[in-house]
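Have a look at target-v9.cif below; it lists mmCIF, C-alpha atoms (C1' of nucleotides).
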data_my_file
#
loop_
_atom_site.label_atom_id
_atom_site.label_comp_id
_atom_site.auth_asym_id
_atom_site.auth_seq_id
_atom_site.Cartn_x
_atom_site.Cartn_y
_atom_site.Cartn_z
CA MET A 275 -76.55 -64.71 37.61
CA ARG A 276 -72.92 -65.50 37.24
CA GLN A 277 -73.11 -63.95 33.77
CA ARG A 278 -74.48 -60.68 35.14
CA GLY A 279 -71.56 -60.32 37.48
CA GLN A 280 -69.12 -61.05 34.67
CA ASP A 281 -70.65 -58.45 32.41
CA ALA A 282 -70.54 -55.82 35.15
CA LEU A 283 -66.95 -56.68 35.95
CA ARG A 284 -66.03 -56.56 32.30
CA ALA A 285 -67.56 -53.10 31.99
CA TYR A 286 -65.80 -52.01 35.16
CA LEU A 287 -62.42 -53.15 33.86
CA LEU A 288 -62.99 -51.57 30.48
CA ASP A 289 -63.88 -48.35 32.23
CA ALA A 290 -60.62 -48.45 34.16
CA ALA A 291 -58.73 -49.12 30.93
CA SER A 292 -60.56 -46.26 29.27
CA ARG A 293 -59.68 -43.89 32.11
CA LEU A 294 -56.06 -45.03 31.90
CA LEU A 295 -56.10 -44.44 28.17
CA ALA A 296 -57.52 -40.94 28.52
CA THR A 297 -55.20 -39.80 31.30
CA GLU A 298 -51.89 -41.47 30.46
CA GLY A 299 -52.21 -42.51 26.84
CA PRO A 300 -51.95 -45.87 25.14
CA ALA A 301 -48.49 -46.58 26.55
CA ALA A 302 -50.01 -47.04 30.01
CA LEU A 303 -52.38 -49.70 28.72
CA THR A 304 -50.54 -52.70 30.11
CA MET A 305 -52.29 -55.73 31.53
CA ARG A 306 -50.57 -55.29 34.90
CA ARG A 307 -51.42 -51.61 34.99
CA ILE A 308 -55.10 -52.12 34.27
CA ALA A 309 -55.27 -54.86 36.88
CA ALA A 310 -53.52 -52.67 39.45
CA GLU A 311 -55.95 -49.85 38.65
CA VAL A 312 -58.86 -51.90 39.96
CA GLY A 313 -56.81 -53.82 42.53
CA CYS A 314 -57.07 -57.29 41.06
CA SER A 315 -54.70 -59.72 39.39
CA THR A 316 -54.01 -59.96 35.69
CA THR A 317 -55.65 -63.39 35.61
CA VAL A 318 -59.05 -61.73 35.79
CA LEU A 319 -58.30 -59.83 32.60
CA TYR A 320 -57.34 -63.04 30.84
CA THR A 321 -60.47 -64.92 31.90
CA LEU A 322 -62.70 -62.05 30.82
CA PHE A 323 -60.95 -60.84 27.67
CA GLY A 324 -58.75 -63.74 26.59
CA ASN A 325 -55.69 -61.59 26.00
CA LYS A 326 -54.62 -58.01 25.48
CA ASP A 327 -56.20 -57.96 22.05
CA GLY A 328 -59.51 -58.67 23.74
CA VAL A 329 -59.11 -55.60 25.92
CA ALA A 330 -58.12 -53.59 22.87
CA ALA A 331 -61.18 -54.84 21.02
CA GLY A 332 -63.34 -53.74 23.93
CA LEU A 333 -61.82 -50.27 23.81
CA PHE A 334 -62.34 -50.22 20.07
CA ARG A 335 -66.02 -50.95 20.43
CA GLU A 336 -66.37 -48.37 23.17
CA GLY A 337 -64.60 -45.78 21.07
CA PHE A 338 -66.80 -46.44 18.06
CA GLU A 339 -69.89 -46.24 20.24
CA ARG A 340 -68.86 -42.87 21.66
CA PHE A 341 -68.09 -41.68 18.16
CA ARG A 342 -71.42 -42.94 16.88
CA ARG A 343 -73.33 -41.21 19.67
CA ARG A 344 -71.73 -37.89 18.83
CA LEU A 345 -72.62 -38.21 15.17
CA ALA A 346 -76.12 -39.44 15.99
CA GLY A 347 -76.72 -36.35 18.11
CA LEU A 348 -76.58 -34.14 15.04
CA PRO A 349 -79.92 -32.55 14.09
CA ALA A 350 -80.92 -33.77 10.64
CA GLY A 351 -81.88 -30.76 8.58
CA ASP A 352 -83.37 -30.79 5.11
CA ASP A 353 -80.22 -29.58 3.35
CA PRO A 354 -78.35 -32.69 2.16
CA ILE A 355 -75.05 -30.95 1.44
CA GLY A 356 -75.33 -29.10 4.72
CA ARG A 357 -75.60 -32.41 6.49
CA VAL A 358 -72.39 -33.62 4.89
CA ARG A 359 -70.66 -30.48 6.11
CA ASP A 360 -72.14 -30.91 9.59
CA LEU A 361 -70.96 -34.50 9.72
CA ALA A 362 -67.47 -33.43 8.73
CA MET A 363 -67.29 -30.84 11.49
CA ALA A 364 -68.81 -33.25 14.01
CA TYR A 365 -66.18 -35.80 13.01
CA ARG A 366 -63.43 -33.35 13.90
CA ALA A 367 -65.09 -32.39 17.15
CA ALA A 368 -65.47 -36.03 18.14
CA ALA A 369 -61.84 -36.81 17.33
CA LEU A 370 -60.52 -33.80 19.26
CA ALA A 371 -62.83 -34.43 22.21
CA GLU A 372 -61.30 -37.84 22.80
CA PRO A 373 -58.04 -37.91 20.91
CA GLN A 374 -56.76 -41.03 22.64
CA TYR A 375 -59.72 -43.01 21.39
CA TYR A 376 -59.14 -41.65 17.91
CA ARG A 377 -55.52 -42.74 18.17
CA VAL A 378 -56.55 -46.21 19.21
CA MET A 379 -59.16 -46.61 16.49
CA PHE A 380 -57.53 -44.96 13.50
CA LEU A 381 -53.86 -44.46 14.30
CA GLY A 382 -52.97 -47.92 15.58
CA ALA A 383 -51.94 -46.58 18.97
CA ILE A 384 -52.02 -50.00 20.64
CA PRO A 385 -48.84 -51.70 19.43
CA GLY A 386 -49.36 -55.01 17.73
CA TYR A 387 -53.11 -54.87 17.78
CA ALA A 388 -54.93 -55.30 14.48
CA PRO A 389 -58.72 -55.20 14.85
CA SER A 390 -60.59 -58.23 13.60
CA GLY A 391 -63.22 -57.98 10.88
CA GLU A 392 -65.97 -58.25 13.43
CA VAL A 393 -64.65 -55.25 15.36
CA LEU A 394 -64.18 -53.24 12.18
CA ALA A 395 -67.82 -53.92 11.33
CA ALA A 396 -68.75 -51.84 14.36
CA GLY A 397 -66.92 -48.98 12.70
CA ASP A 398 -68.97 -49.43 9.56
CA ARG A 399 -72.07 -48.43 11.47
CA VAL A 400 -70.44 -45.06 12.08
CA PHE A 401 -69.30 -44.88 8.49
CA ASP A 402 -72.87 -45.47 7.35
CA TYR A 403 -73.90 -42.04 8.55
CA LEU A 404 -71.60 -40.58 5.94
CA VAL A 405 -72.74 -42.99 3.24
CA ASP A 406 -76.38 -42.13 3.90
CA ALA A 407 -75.60 -38.41 3.71
CA ALA A 408 -73.80 -38.90 0.39
CA ARG A 409 -76.70 -40.93 -0.97
CA ALA A 410 -79.13 -38.20 0.09
CA CYS A 411 -77.08 -35.69 -1.88
CA MET A 412 -77.28 -37.91 -4.95
CA ASP A 413 -81.00 -38.45 -4.55
CA ALA A 414 -81.50 -34.70 -4.28
CA GLY A 415 -79.51 -34.18 -7.46
CA VAL A 416 -76.90 -32.17 -5.62
CA TYR A 417 -74.24 -34.83 -6.21
CA ARG A 418 -73.52 -36.59 -9.47
CA PRO A 419 -74.93 -40.13 -9.58
CA GLY A 420 -72.49 -42.79 -8.48
CA ASP A 421 -71.52 -45.05 -5.62
CA PRO A 422 -72.26 -43.27 -2.32
CA VAL A 423 -69.79 -45.55 -0.55
CA ALA A 424 -66.97 -44.36 -2.80
CA VAL A 425 -67.96 -40.75 -2.14
CA ALA A 426 -68.07 -41.34 1.61
CA GLU A 427 -64.63 -42.93 1.50
CA VAL A 428 -63.14 -39.84 -0.13
CA LEU A 429 -64.85 -37.55 2.40
CA TRP A 430 -63.63 -39.74 5.22
CA ALA A 431 -60.08 -39.82 3.87
CA ALA A 432 -60.00 -36.02 3.63
CA ALA A 433 -61.13 -35.61 7.24
CA HIS A 434 -58.88 -38.36 8.51
CA GLY A 435 -55.87 -37.10 6.61
CA VAL A 436 -55.89 -33.75 8.36
CA LEU A 437 -56.75 -35.14 11.79
CA SER A 438 -54.17 -37.86 11.47
CA LEU A 439 -51.35 -35.43 10.76
CA GLU A 440 -52.54 -33.13 13.54
CA LEU A 441 -52.87 -35.84 16.17
CA ALA A 442 -49.50 -37.25 15.21
CA GLY A 443 -47.99 -33.86 15.95
CA VAL A 444 -46.73 -33.41 12.40
CA LEU A 445 -48.96 -30.40 11.81
CA PRO A 446 -50.29 -27.96 14.40
CA PRO A 447 -54.08 -28.01 14.81
CA ASP A 448 -55.81 -25.62 12.44
CA GLU A 449 -59.52 -25.63 11.87
CA ASP A 450 -59.23 -23.66 8.62
CA ARG A 451 -57.05 -26.34 7.12
CA TYR A 452 -59.58 -28.98 8.09
CA ARG A 453 -62.40 -26.91 6.65
CA ALA A 454 -60.51 -26.44 3.36
CA ALA A 455 -59.68 -30.13 3.05
CA THR A 456 -63.20 -31.33 3.79
CA SER A 457 -64.82 -28.60 1.68
CA ALA A 458 -62.69 -29.58 -1.27
CA ALA A 459 -63.83 -33.18 -0.94
CA THR A 460 -67.42 -32.23 -0.19
CA GLU A 461 -67.77 -30.05 -3.27
CA TRP A 462 -65.83 -32.31 -5.59
CA PHE A 463 -68.89 -34.46 -6.22
CA LEU A 464 -71.29 -31.59 -6.90
CA THR A 465 -73.13 -31.64 -10.18
CA THR A 466 -71.35 -29.15 -12.43
CA SER A 467 -73.89 -26.40 -12.65
CA MET B 87 -9.94 -43.20 10.80
CA ARG B 88 -11.87 -44.62 13.66
CA GLN B 89 -14.72 -42.37 12.59
CA ARG B 90 -14.73 -43.78 9.07
CA GLY B 91 -15.11 -47.30 10.37
CA GLN B 92 -17.91 -46.20 12.67
CA ASP B 93 -19.81 -44.52 9.88
CA ALA B 94 -19.50 -47.57 7.67
CA LEU B 95 -20.64 -49.84 10.48
CA ARG B 96 -23.55 -47.55 11.24
CA ALA B 97 -24.63 -47.67 7.60
CA TYR B 98 -24.22 -51.44 7.58
CA LEU B 99 -26.40 -51.86 10.66
CA LEU B 100 -29.03 -49.49 9.35
CA ASP B 101 -29.08 -51.45 6.13
CA ALA B 102 -29.71 -54.64 8.07
CA ALA B 103 -32.50 -52.94 10.01
CA SER B 104 -33.95 -51.65 6.77
CA ARG B 105 -33.91 -55.13 5.25
CA LEU B 106 -35.55 -56.52 8.37
CA LEU B 107 -38.18 -53.80 8.18
CA ALA B 108 -38.95 -54.51 4.54
CA THR B 109 -39.14 -58.28 4.85
CA GLU B 110 -40.72 -58.84 8.24
CA GLY B 111 -42.26 -55.52 9.16
CA PRO B 112 -41.75 -53.19 12.12
CA ALA B 113 -42.48 -55.90 14.68
CA ALA B 114 -39.19 -57.59 13.79
CA LEU B 115 -37.25 -54.41 14.52
CA THR B 116 -35.81 -55.62 17.81
CA MET B 117 -32.40 -54.62 19.08
CA ARG B 118 -31.45 -58.27 19.54
CA ARG B 119 -32.85 -59.17 16.13
CA ILE B 120 -30.92 -56.44 14.33
CA ALA B 121 -27.74 -57.43 16.15
CA ALA B 122 -28.27 -61.09 15.30
CA GLU B 123 -28.85 -60.13 11.67
CA VAL B 124 -25.28 -58.89 11.38
CA GLY B 125 -23.85 -61.32 13.93
CA CYS B 126 -22.83 -58.86 16.63
CA SER B 127 -23.97 -58.00 20.11
CA THR B 128 -26.58 -55.42 21.04
CA THR B 129 -23.91 -53.31 22.69
CA VAL B 130 -22.70 -52.20 19.29
CA LEU B 131 -26.12 -50.80 18.52
CA TYR B 132 -26.12 -48.84 21.76
CA THR B 133 -22.67 -47.36 21.23
CA LEU B 134 -23.54 -46.32 17.69
CA PHE B 135 -27.16 -45.23 18.06
CA GLY B 136 -27.61 -44.56 21.78
CA ASN B 137 -30.86 -46.47 22.05
CA LYS B 138 -33.67 -47.87 19.94
CA ASP B 139 -34.95 -44.39 19.19
CA GLY B 140 -31.60 -43.70 17.56
CA VAL B 141 -32.06 -46.65 15.23
CA ALA B 142 -35.60 -45.51 14.52
CA ALA B 143 -34.33 -42.02 13.76
CA GLY B 144 -31.84 -43.51 11.34
CA LEU B 145 -34.59 -45.41 9.56
CA PHE B 146 -36.65 -42.22 9.51
CA ARG B 147 -33.93 -40.31 7.78
CA GLU B 148 -33.34 -43.14 5.33
CA GLY B 149 -37.05 -43.33 4.57
CA PHE B 150 -37.28 -39.60 3.95
CA GLU B 151 -34.24 -39.75 1.72
CA ARG B 152 -35.73 -42.53 -0.39
CA PHE B 153 -38.97 -40.60 -0.57
CA ARG B 154 -37.16 -37.45 -1.56
CA ARG B 155 -35.21 -39.22 -4.29
CA ARG B 156 -38.40 -40.54 -5.85
CA LEU B 157 -39.98 -37.10 -5.88
CA ALA B 158 -36.79 -35.47 -7.14
CA GLY B 159 -36.74 -37.88 -10.07
CA LEU B 160 -39.89 -36.30 -11.51
CA PRO B 161 -39.36 -34.35 -14.72
CA ALA B 162 -40.30 -30.72 -14.14
CA GLY B 163 -42.58 -29.63 -16.96
CA ASP B 164 -43.85 -26.15 -17.58
CA ASP B 165 -47.40 -26.86 -16.44
CA PRO B 166 -47.61 -25.87 -12.76
CA ILE B 167 -50.89 -27.62 -12.00
CA GLY B 168 -49.67 -30.65 -13.88
CA ARG B 169 -46.68 -30.77 -11.59
CA VAL B 170 -48.92 -30.80 -8.53
CA ARG B 171 -50.80 -33.74 -10.00
CA ASP B 172 -47.56 -35.52 -10.85
CA LEU B 173 -46.28 -35.02 -7.32
CA ALA B 174 -49.49 -36.45 -5.93
CA MET B 175 -49.23 -39.58 -8.04
CA ALA B 176 -45.53 -39.92 -7.29
CA TYR B 177 -46.34 -39.64 -3.61
CA ARG B 178 -48.67 -42.62 -3.88
CA ALA B 179 -46.18 -44.60 -5.92
CA ALA B 180 -43.45 -43.91 -3.37
CA ALA B 181 -45.65 -44.95 -0.47
CA LEU B 182 -46.79 -48.17 -2.14
CA ALA B 183 -43.28 -49.03 -3.33
CA GLU B 184 -42.01 -49.12 0.26
CA PRO B 185 -45.07 -49.36 2.48
CA GLN B 186 -43.08 -50.34 5.56
CA TYR B 187 -41.12 -47.12 5.39
CA TYR B 188 -44.33 -45.17 4.95
CA ARG B 189 -45.70 -46.93 8.03
CA VAL B 190 -42.64 -46.00 10.00
CA MET B 191 -42.62 -42.38 8.93
CA PHE B 192 -46.30 -41.49 8.88
CA LEU B 193 -48.18 -44.22 10.69
CA GLY B 194 -46.10 -44.52 13.85
CA ALA B 195 -45.27 -48.15 13.16
CA ILE B 196 -42.40 -48.24 15.66
CA PRO B 197 -44.12 -48.40 19.06
CA GLY B 198 -43.16 -45.68 21.46
CA TYR B 199 -41.03 -43.77 19.02
CA ALA B 200 -41.81 -40.09 18.48
CA PRO B 201 -39.43 -38.41 16.04
CA SER B 202 -37.56 -35.41 17.34
CA GLY B 203 -37.85 -31.99 15.74
CA GLU B 204 -34.50 -32.43 14.04
CA VAL B 205 -35.62 -35.64 12.37
CA LEU B 206 -38.92 -34.10 11.33
CA ALA B 207 -36.98 -31.28 9.69
CA ALA B 208 -35.62 -33.86 7.26
CA GLY B 209 -39.21 -34.49 6.27
CA ASP B 210 -39.72 -30.83 5.59
CA ARG B 211 -37.27 -31.04 2.74
CA VAL B 212 -39.59 -33.51 1.07
CA PHE B 213 -42.59 -31.38 1.90
CA ASP B 214 -40.91 -28.40 0.24
CA TYR B 215 -41.35 -29.98 -3.18
CA LEU B 216 -45.08 -29.65 -2.69
CA VAL B 217 -44.82 -26.11 -1.32
CA ASP B 218 -42.75 -25.02 -4.30
CA ALA B 219 -45.25 -26.55 -6.70
CA ALA B 220 -48.11 -24.75 -4.95
CA ARG B 221 -46.22 -21.47 -5.05
CA ALA B 222 -45.56 -21.95 -8.78
CA CYS B 223 -49.31 -22.34 -9.32
CA MET B 224 -49.92 -19.10 -7.46
CA ASP B 225 -47.22 -17.28 -9.39
CA ALA B 226 -48.73 -18.48 -12.65
CA GLY B 227 -52.14 -17.23 -11.58
CA VAL B 228 -53.58 -20.74 -11.67
CA TYR B 229 -54.08 -20.78 -7.90
CA ARG B 230 -55.62 -18.01 -5.83
CA PRO B 231 -53.03 -15.96 -3.92
CA GLY B 232 -52.36 -17.19 -0.45
CA ASP B 233 -49.96 -19.17 1.72
CA PRO B 234 -48.42 -21.94 -0.36
CA VAL B 235 -47.57 -23.86 2.81
CA ALA B 236 -51.23 -23.99 3.79
CA VAL B 237 -52.13 -25.22 0.33
CA ALA B 238 -49.44 -27.87 0.41
CA GLU B 239 -50.67 -29.06 3.80
CA VAL B 240 -54.16 -29.63 2.45
CA LEU B 241 -52.81 -31.47 -0.58
CA TRP B 242 -50.62 -33.57 1.65
CA ALA B 243 -53.47 -34.37 4.02
CA ALA B 244 -55.65 -35.51 1.12
CA ALA B 245 -52.98 -37.86 -0.17
CA HIS B 246 -52.04 -39.09 3.27
CA GLY B 247 -55.65 -39.64 4.31
CA VAL B 248 -56.30 -42.13 1.55
CA LEU B 249 -52.94 -43.88 1.82
CA SER B 250 -53.21 -44.06 5.58
CA LEU B 251 -56.55 -45.83 5.49
CA GLU B 252 -55.35 -48.15 2.74
CA LEU B 253 -52.10 -49.11 4.43
CA ALA B 254 -53.91 -49.64 7.71
CA GLY B 255 -56.11 -52.18 5.96
CA VAL B 256 -59.28 -50.23 6.66
CA LEU B 257 -59.93 -49.61 2.97
CA PRO B 258 -58.83 -51.78 0.04
CA PRO B 259 -56.35 -50.07 -2.30
CA ASP B 260 -58.09 -48.12 -5.06
CA GLU B 261 -56.27 -45.73 -7.31
CA ASP B 262 -59.48 -44.03 -8.42
CA ARG B 263 -60.28 -43.08 -4.85
CA TYR B 264 -56.83 -41.61 -4.45
CA ARG B 265 -57.17 -39.72 -7.70
CA ALA B 266 -60.55 -38.32 -6.65
CA ALA B 267 -59.30 -37.23 -3.23
CA THR B 268 -56.16 -35.55 -4.54
CA SER B 269 -57.95 -34.00 -7.52
CA ALA B 270 -60.52 -32.47 -5.19
CA ALA B 271 -57.76 -30.91 -3.11
CA THR B 272 -55.71 -29.93 -6.15
CA GLU B 273 -58.56 -28.10 -7.85
CA TRP B 274 -59.94 -26.54 -4.68
CA PHE B 275 -57.43 -23.71 -4.87
CA LEU B 276 -57.95 -22.90 -8.54
CA THR B 277 -58.89 -19.35 -9.41
CA THR B 278 -62.61 -19.40 -10.09
CA SER B 279 -62.68 -18.83 -13.81
"C1'" DT C 146 -73.71 -80.20 54.84
"C1'" DT C 147 -71.16 -81.94 51.03
"C1'" DC C 148 -69.46 -81.75 46.54
"C1'" DC C 149 -68.14 -79.93 42.34
"C1'" DT C 150 -67.23 -76.33 39.19
"C1'" DC C 151 -65.49 -72.10 38.15
"C1'" DC C 152 -62.62 -68.33 39.19
"C1'" DT C 153 -58.75 -65.76 41.35
"C1'" DG C 154 -53.94 -64.88 43.11
"C1'" DT C 155 -49.10 -66.36 43.08
"C1'" DA C 156 -45.29 -67.27 40.74
"C1'" DA C 157 -43.04 -68.36 36.91
"C1'" DC C 158 -41.42 -68.35 31.63
"C1'" DG C 159 -39.87 -66.11 27.54
"C1'" DT C 160 -39.09 -61.71 25.34
"C1'" DT C 161 -38.36 -56.81 25.19
"C1'" DG C 162 -35.09 -52.43 25.96
"C1'" DT C 163 -31.13 -51.30 28.52
"C1'" DT C 164 -26.69 -51.31 31.09
"C1'" DA C 165 -22.59 -52.60 34.39
"C1'" DC C 166 -18.61 -55.05 34.04
"C1'" DT C 167 -14.66 -57.31 31.97
"C1'" DG C 168 -11.62 -58.38 28.45
"C1'" DA C 169 -9.68 -57.37 23.96
"C1'" DT C 170 -8.20 -54.25 20.34
"C1'" DG C 171 -6.02 -50.60 18.13
"C1'" DA C 172 -3.83 -46.02 18.07
"C1'" DA C 173 -0.30 -43.17 20.32
"C1'" DA C 174 3.99 -42.59 23.01
"C1'" DA C 175 8.70 -44.09 24.31
"C1'" DT D 114 9.58 -52.23 18.26
"C1'" DT D 115 7.56 -52.14 22.68
"C1'" DT D 116 4.60 -50.21 26.07
"C1'" DT D 117 0.63 -47.69 27.57
"C1'" DC D 118 -3.89 -46.29 27.53
"C1'" DA D 119 -8.37 -45.11 25.92
"C1'" DT D 120 -12.11 -47.06 23.59
"C1'" DC D 121 -15.15 -50.49 22.20
"C1'" DA D 122 -17.52 -55.30 21.98
"C1'" DG D 123 -19.44 -59.44 24.38
"C1'" DT D 124 -21.54 -61.55 28.53
"C1'" DA D 125 -24.80 -61.45 31.74
"C1'" DA D 126 -27.85 -59.27 34.27
"C1'" DC D 127 -31.99 -55.92 35.46
"C1'" DA D 128 -36.83 -54.29 35.17
"C1'" DA D 129 -41.05 -54.53 32.71
"C1'" DC D 130 -43.98 -56.66 29.39
"C1'" DG D 131 -47.65 -60.46 27.79
"C1'" DT D 132 -48.95 -64.87 29.13
"C1'" DT D 133 -49.87 -69.21 31.66
"C1'" DA D 134 -49.44 -73.46 34.94
"C1'" DC D 135 -50.74 -74.44 39.39
"C1'" DA D 136 -52.98 -74.42 43.65
"C1'" DG D 137 -56.29 -72.60 46.66
"C1'" DG D 138 -60.83 -70.59 47.58
"C1'" DA D 139 -65.60 -69.18 46.82
"C1'" DG D 140 -70.08 -70.05 45.14
"C1'" DG D 141 -74.13 -72.58 43.72
"C1'" DA D 142 -76.25 -77.54 43.37
"C1'" DA D 143 -77.60 -81.82 45.54
#
Mind turning this structure into C-alpha cells?
Amino acid sequence: MRQRGQDALRAYLLDAASRLLATEGPAALTMRRIAAEVGCSTTVLYTLFGNKDGVAAGLFREGFERFRRRLAGLPAGDDPIGRVRDLAMAYRAAALAEPQYYRVMFLGAIPGYAPSGEVLAAGDRVFDYLVDAARACMDAGVYRPGDPVAVAEVLWAAAHGVLSLELAGVLPPDEDRYRAATSAATEWFLTTS
Amino acid sequence: MRQRGQDALRAYLLDAASRLLATEGPAALTMRRIAAEVGCSTTVLYTLFGNKDGVAAGLFREGFERFRRRLAGLPAGDDPIGRVRDLAMAYRAAALAEPQYYRVMFLGAIPGYAPSGEVLAAGDRVFDYLVDAARACMDAGVYRPGDPVAVAEVLWAAAHGVLSLELAGVLPPDEDRYRAATSAATEWFLTTS
DNA sequence: TTCCTCCTGTAACGTTGTTACTGATGAAAA
DNA sequence: TTTTCATCAGTAACAACGTTACAGGAGGAA
C-alpha cells in the first residue's frame, strides 16, 4: 500500500524531471528545481532516489525505454540488410525526436553523472536490436561471417558519430551526411560479390 | 610591458589548468582550484580570462593546437588515400594520447561551457587537414567528384563516433573496431572501379 | 484511542561561480 | 627623486548548487 504510493510518486517526480529536461535542458535539472516543479521539498527526492544520480538513473532508464519503443515499432520485413538500414534511420529519428534524452544518455549532459553498470545494461537491450539485425545478415549470407556484436558496434558508432556532432552544434543537421555515414558502415560488412 | 607580463601570466595559469585537467580530470577544473594551484587568488583569473568560460576557451584553443601539431607532424606521402588513412590513425592516437583534452573539446566535459564561434574556428584549422586530404583524393580520381567538406565530415564522424563511445566508457577500447569504422567511411567515396 | 514508524519540511553546511571593495603596486609626470 | 594616479590582486561576501541533521506530523497497527 505504502509501496504503491511511493511508486506513483516516483513516476510523478520523474515525469516532472523529464518535462523540465525537455523544455529547459539538462541545466535546469537541479534538485531544488524538480522539487519546486511539483511543489514539494527536496527531501522527498532524496528519500525516493537517494541522490541526484538516482534521479539521473531514472531519466536514463526512461530514455532507453522510449528509445527502445521507437525501435520496436519498426515493421520487421524479410530483407535483412533493409532492416539494418531501417534501424539506422529509426535511430536518427528517435534521437532527433527527443534530443535532450539523447544528450543525457549518450552525450553526458548531466554533469558528474556516470551511469552504473546496471543502468547501462538497460541500454544493451536497445543495442540488441542492432546485434540481432547484424546476425540475421550473417545468417542470410549477406554479411561476412564474424561477430555480430562487433558489427553492431561499428554501425552504432557511425550513427552516433554523426548525431553526436550535430547535437553538439559542431555540424549543422544534414540527413544526407547521416545516410552516407551509416551506409558506409552498413555496406562495409557485405560479402564481396 | 604590462602586456608582456599579462600574457606570460595567462600562459602560466593555463598551463596549471592544463596540468590539473590531465591529472585529475575536468571535475577538478574549479576557479578556486586553479588559483590555489599557482598560489594566487581567483580575482586574477577573472581579470585575465573574464570568467570560467574564458579559461575553458583557453583550454579549447590549447587542445586544438596540440591536436593540430600531431596531425601536422605526419609525413605527406604521394598516396592520397593513404594519407586519409594516416590522418584517421593519427586522429585516434592524438585523442588517446590526451583523452582529457579530447573530452573537453568534443565531449563537452566542462559543464555549461559551449564554445563560441571564434573558438570553434580554431578547430576548423584542424579539420582542414582532412578536407585537403579528401580533395587530393578527388583530384587524383581516387574519390568520386563532390564536396570535399562533406566527405571530411563523414570521415570525421566515423572516427569521432568510435572514440566518443570508447572515451565515455560505453565500449572498451578496440583498435580493430576503429579501423573498421574509419575504413568503411574512407572507402565509401572511392570511385567504383 | 494510543503508540510507533516512516516520511516530509525547515534550515543549515560546504562548495561552486562571481563580484564589490580596499589596499598595494608600478608606470608616468613634475 | 618625488608625487600622482590608474590598474590590479586579495578578502570577503553573494546566490545557487547538492546534501543532510533535526524536529514535527501523518499514517497504519495494537
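If we count all atoms listed in the file, these residues of chain D sit within 9 Å of chain B: DC121, DA122 and DG123 of chain D.
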What separation in Å, quoted to one decimal, exists between C1' of DC166 (chain C) and CA of Gly125 (chain B)?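 Interatomic distance here is 21.7 Å.
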Explicit residue set for the PyMOL selection byres ((chain B) within 8 of (chain C)), as a ChimeraX atom specification: /B:116-117,138
Could those selected residues go to a file with C-alpha atoms, as a PDB file, keeping the file's coordinate frame?
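Wrote it out as again29.pdb, contents follow:
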ATOM      1  CA  THR B 116     -35.810 -55.620  17.810  1.00  0.00           C
ATOM      2  CA  MET B 117     -32.400 -54.620  19.080  1.00  0.00           C
ATOM      3  CA  LYS B 138     -33.670 -47.870  19.940  1.00  0.00           C
TER       4      LYS B 138
END
Step by step, work through what the PyMOL selection byres ((chain A) within 9 of (chain B)) selects in the shown file, and finish by giving those residues as a ChimeraX atom specification. /A:301,380-386,388,394,424-425,427-439,442,444-445,451-452,454-463
Measure the distance from CA of Met191 (chain B) to CA of Glu392 (chain A) in Å and round it to one decimal.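 If I compute the distance from CA of Met191 (chain B) to CA of Glu392 (chain A), I get 28.6 Å.
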Starting from the PyMOL selection byres ((chain D and resi 132) around 9), expand the selection into actual residues of this file and give them as a list of chain:residue names. A:Tyr320, A:Asn325, C:DC158, D:DG131, D:DT133
